[in-house]
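The next block holds one structure in the form of structure tokens; read it before the comments.
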Amino acid sequence: MAKLSQEDLLAQFDEMTLIELAEFVKAFEERFDVTAAAPAAVVAAGAPGAPAAAAEEEQDEFDVILTGAGDKKIQVIKVVRELTSLGLKEAKDLVDGTPKPVLEKVAKDAAEKAADALKGAGASVEVK
């Protein structure tokens, strides 16, 4: 098997859905006994002299979390598919497995629009 270049790997990741990428990261972490979140923890712990006010800055990235599908599950699945690049099965699995994040680290206005669309379809939504 030929060794893939970094560009080839990134091209493969571009074609994956968010769920597939999350599953890949989990499998990678398990196989190589590493944690993808470790560098962020080191960076956060690396600034002991930083004032606490800096940590309380206004949040600019939000997660839209589906907490319930409600009575109109099919409509909610359609909205999830519109908001993400998920296929029908992945969107259905996301809706069935609530609470689950639909969008992660998006701007406030995009999070609010997504939450409104999901609520309009009858879903229970939380924006964090």
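Following the order of the structure tokens, chains are lettered A, B, ..., residues in each are numbered from 1, and ligands are numbered from 1.
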
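Using only C-alpha atoms, the residues found no farther than 12 Å from A:Lys92, other than those of its own chain fewer than 2 positions away, are Ala69, Lys73, Ile74, Gln75, Val76, Ile77, Lys78, Val79, Val80, Arg81, Leu86, Gly87, Leu88, Lys89, Glu90, Leu94, Val95, Asp96, Gly97, Thr98, Lys100 and Val102 of chain A.
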
Give me, as a PyMOL selection string, the residues of chain A that a backbone DSSP run labels helix (DSSP H, G or I).
chain A and resi 6-14+18-32+38-45+52-55+73-83+88-96+108-120

Spatial neighbours of A:Val64, 7 Å, only C-alpha atoms, chain gap at least 5 places, as a list of chain:residue names:
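Everything that qualifies: A:Pro101, A:Val102, A:Leu103, A:Glu104, A:Ala111, A:Ala115, A:Val125, A:Glu126, A:Val127, A:Lys128.
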
Just asking: which residues within chain A are strand (DSSP E) according to DSSP, as a ChimeraX atom specification?
/A:62-68,100-106,124-127

Deliver the residues from the most recent selection as a file, using all heavy atoms, as a compact mmCIF listing (two decimals), in the first residue's frame.
# COMPACT_ATOMS: atom_id res chain seq x y z
N PHE A 62 -20.77 28.89 19.51
CA PHE A 62 -21.89 28.25 20.19
C PHE A 62 -22.13 26.86 19.62
O PHE A 62 -21.82 26.59 18.46
CB PHE A 62 -23.16 29.09 20.02
CG PHE A 62 -23.06 30.45 20.67
CD1 PHE A 62 -22.49 31.52 20.01
CD2 PHE A 62 -23.53 30.64 21.96
CE1 PHE A 62 -22.39 32.76 20.60
CE2 PHE A 62 -23.44 31.87 22.56
CZ PHE A 62 -22.86 32.94 21.89
N ASP A 63 -22.70 26.00 20.45
CA ASP A 63 -23.10 24.66 20.03
C ASP A 63 -24.62 24.60 20.05
O ASP A 63 -25.25 25.09 20.99
CB ASP A 63 -22.55 23.59 20.98
CG ASP A 63 -21.04 23.51 20.97
OD1 ASP A 63 -20.42 24.01 20.01
OD2 ASP A 63 -20.47 22.95 21.92
N VAL A 64 -25.20 24.02 19.01
CA VAL A 64 -26.65 23.81 18.94
C VAL A 64 -26.89 22.34 19.25
O VAL A 64 -26.46 21.46 18.51
CB VAL A 64 -27.21 24.17 17.55
CG1 VAL A 64 -28.71 23.94 17.50
CG2 VAL A 64 -26.87 25.61 17.19
N ILE A 65 -27.55 22.09 20.38
CA ILE A 65 -27.75 20.72 20.85
C ILE A 65 -29.23 20.36 20.77
O ILE A 65 -30.07 21.04 21.34
CB ILE A 65 -27.22 20.56 22.29
CG1 ILE A 65 -25.74 20.90 22.31
CG2 ILE A 65 -27.49 19.16 22.81
CD1 ILE A 65 -25.13 21.01 23.66
N LEU A 66 -29.51 19.28 20.06
CA LEU A 66 -30.86 18.77 19.93
C LEU A 66 -31.17 17.95 21.18
O LEU A 66 -30.49 16.98 21.47
CB LEU A 66 -30.97 17.90 18.68
CG LEU A 66 -32.34 17.30 18.38
CD1 LEU A 66 -33.32 18.41 18.02
CD2 LEU A 66 -32.23 16.32 17.22
N THR A 67 -32.16 18.37 21.95
CA THR A 67 -32.48 17.67 23.19
C THR A 67 -33.71 16.78 23.07
O THR A 67 -33.94 15.93 23.93
CB THR A 67 -32.69 18.67 24.35
OG1 THR A 67 -33.71 19.60 23.99
CG2 THR A 67 -31.40 19.42 24.66
N GLY A 68 -34.49 16.97 22.01
CA GLY A 68 -35.68 16.13 21.80
C GLY A 68 -36.26 16.38 20.43
O GLY A 68 -36.22 17.49 19.93
N LYS A 100 -27.93 15.34 21.37
CA LYS A 100 -26.74 15.31 20.52
C LYS A 100 -26.51 16.69 19.93
O LYS A 100 -27.47 17.40 19.61
CB LYS A 100 -26.91 14.33 19.36
CG LYS A 100 -26.97 12.89 19.73
CD LYS A 100 -25.61 12.28 19.61
CE LYS A 100 -25.71 10.81 19.95
NZ LYS A 100 -24.82 9.97 19.30
N PRO A 101 -25.26 17.09 19.73
CA PRO A 101 -25.00 18.37 19.06
C PRO A 101 -25.28 18.27 17.56
O PRO A 101 -24.89 17.30 16.92
CB PRO A 101 -23.51 18.62 19.33
CG PRO A 101 -22.94 17.29 19.67
CD PRO A 101 -24.05 16.46 20.23
N VAL A 102 -25.98 19.25 17.03
CA VAL A 102 -26.26 19.31 15.61
C VAL A 102 -25.17 20.15 14.94
O VAL A 102 -24.61 19.77 13.92
CB VAL A 102 -27.65 19.92 15.33
CG1 VAL A 102 -27.90 20.07 13.84
CG2 VAL A 102 -28.73 19.07 15.96
N LEU A 103 -24.87 21.29 15.51
CA LEU A 103 -23.80 22.17 15.04
C LEU A 103 -22.90 22.50 16.21
O LEU A 103 -23.37 22.71 17.33
CB LEU A 103 -24.38 23.46 14.45
CG LEU A 103 -25.28 23.32 13.24
CD1 LEU A 103 -25.89 24.67 12.88
CD2 LEU A 103 -24.52 22.78 12.05
N GLU A 104 -21.60 22.57 15.95
CA GLU A 104 -20.64 22.90 17.00
C GLU A 104 -19.77 24.06 16.57
O GLU A 104 -19.39 24.16 15.41
CB GLU A 104 -19.77 21.69 17.33
CG GLU A 104 -20.54 20.53 17.92
CD GLU A 104 -19.65 19.32 18.19
OE1 GLU A 104 -18.80 19.02 17.34
OE2 GLU A 104 -19.84 18.71 19.25
N LYS A 105 -19.49 24.94 17.52
CA LYS A 105 -18.59 26.08 17.32
C LYS A 105 -18.99 26.92 16.12
O LYS A 105 -18.20 27.15 15.21
CB LYS A 105 -17.14 25.59 17.20
CG LYS A 105 -16.66 24.91 18.46
CD LYS A 105 -15.23 24.51 18.37
CE LYS A 105 -14.83 23.83 19.67
NZ LYS A 105 -13.43 23.47 19.70
N VAL A 106 -20.23 27.39 16.15
CA VAL A 106 -20.72 28.27 15.08
C VAL A 106 -20.98 29.64 15.68
O VAL A 106 -21.08 29.82 16.89
CB VAL A 106 -22.01 27.71 14.42
CG1 VAL A 106 -21.73 26.42 13.70
CG2 VAL A 106 -23.13 27.54 15.41
N SER A 124 -36.89 20.11 20.49
CA SER A 124 -36.40 20.82 21.66
C SER A 124 -34.91 21.05 21.44
O SER A 124 -34.18 20.12 21.11
CB SER A 124 -36.58 19.99 22.92
OG SER A 124 -37.92 19.64 23.10
N VAL A 125 -34.47 22.31 21.60
CA VAL A 125 -33.10 22.68 21.27
C VAL A 125 -32.50 23.49 22.41
O VAL A 125 -33.18 24.26 23.08
CB VAL A 125 -33.06 23.51 19.97
CG1 VAL A 125 -31.65 23.89 19.60
CG2 VAL A 125 -33.73 22.77 18.84
N GLU A 126 -31.19 23.33 22.58
CA GLU A 126 -30.43 24.07 23.57
C GLU A 126 -29.23 24.69 22.86
O GLU A 126 -28.57 24.02 22.07
CB GLU A 126 -29.96 23.09 24.63
CG GLU A 126 -29.62 23.69 25.96
CD GLU A 126 -29.30 22.57 26.95
OE1 GLU A 126 -30.23 21.93 27.46
OE2 GLU A 126 -28.10 22.37 27.19
N VAL A 127 -28.96 25.96 23.11
CA VAL A 127 -27.77 26.62 22.54
C VAL A 127 -26.82 26.91 23.69
O VAL A 127 -27.19 27.58 24.65
CB VAL A 127 -28.16 27.92 21.80
CG1 VAL A 127 -26.91 28.62 21.26
CG2 VAL A 127 -29.13 27.64 20.68

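One distance worth recording is that between atom CA of A:Phe13 and atom CA of A:Val25, which is 11.0 Å.
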
Suppose you want the space between atom CA of A:Ala117 and atom CA of A:Gly70; what is it in Å?
13.5 Å
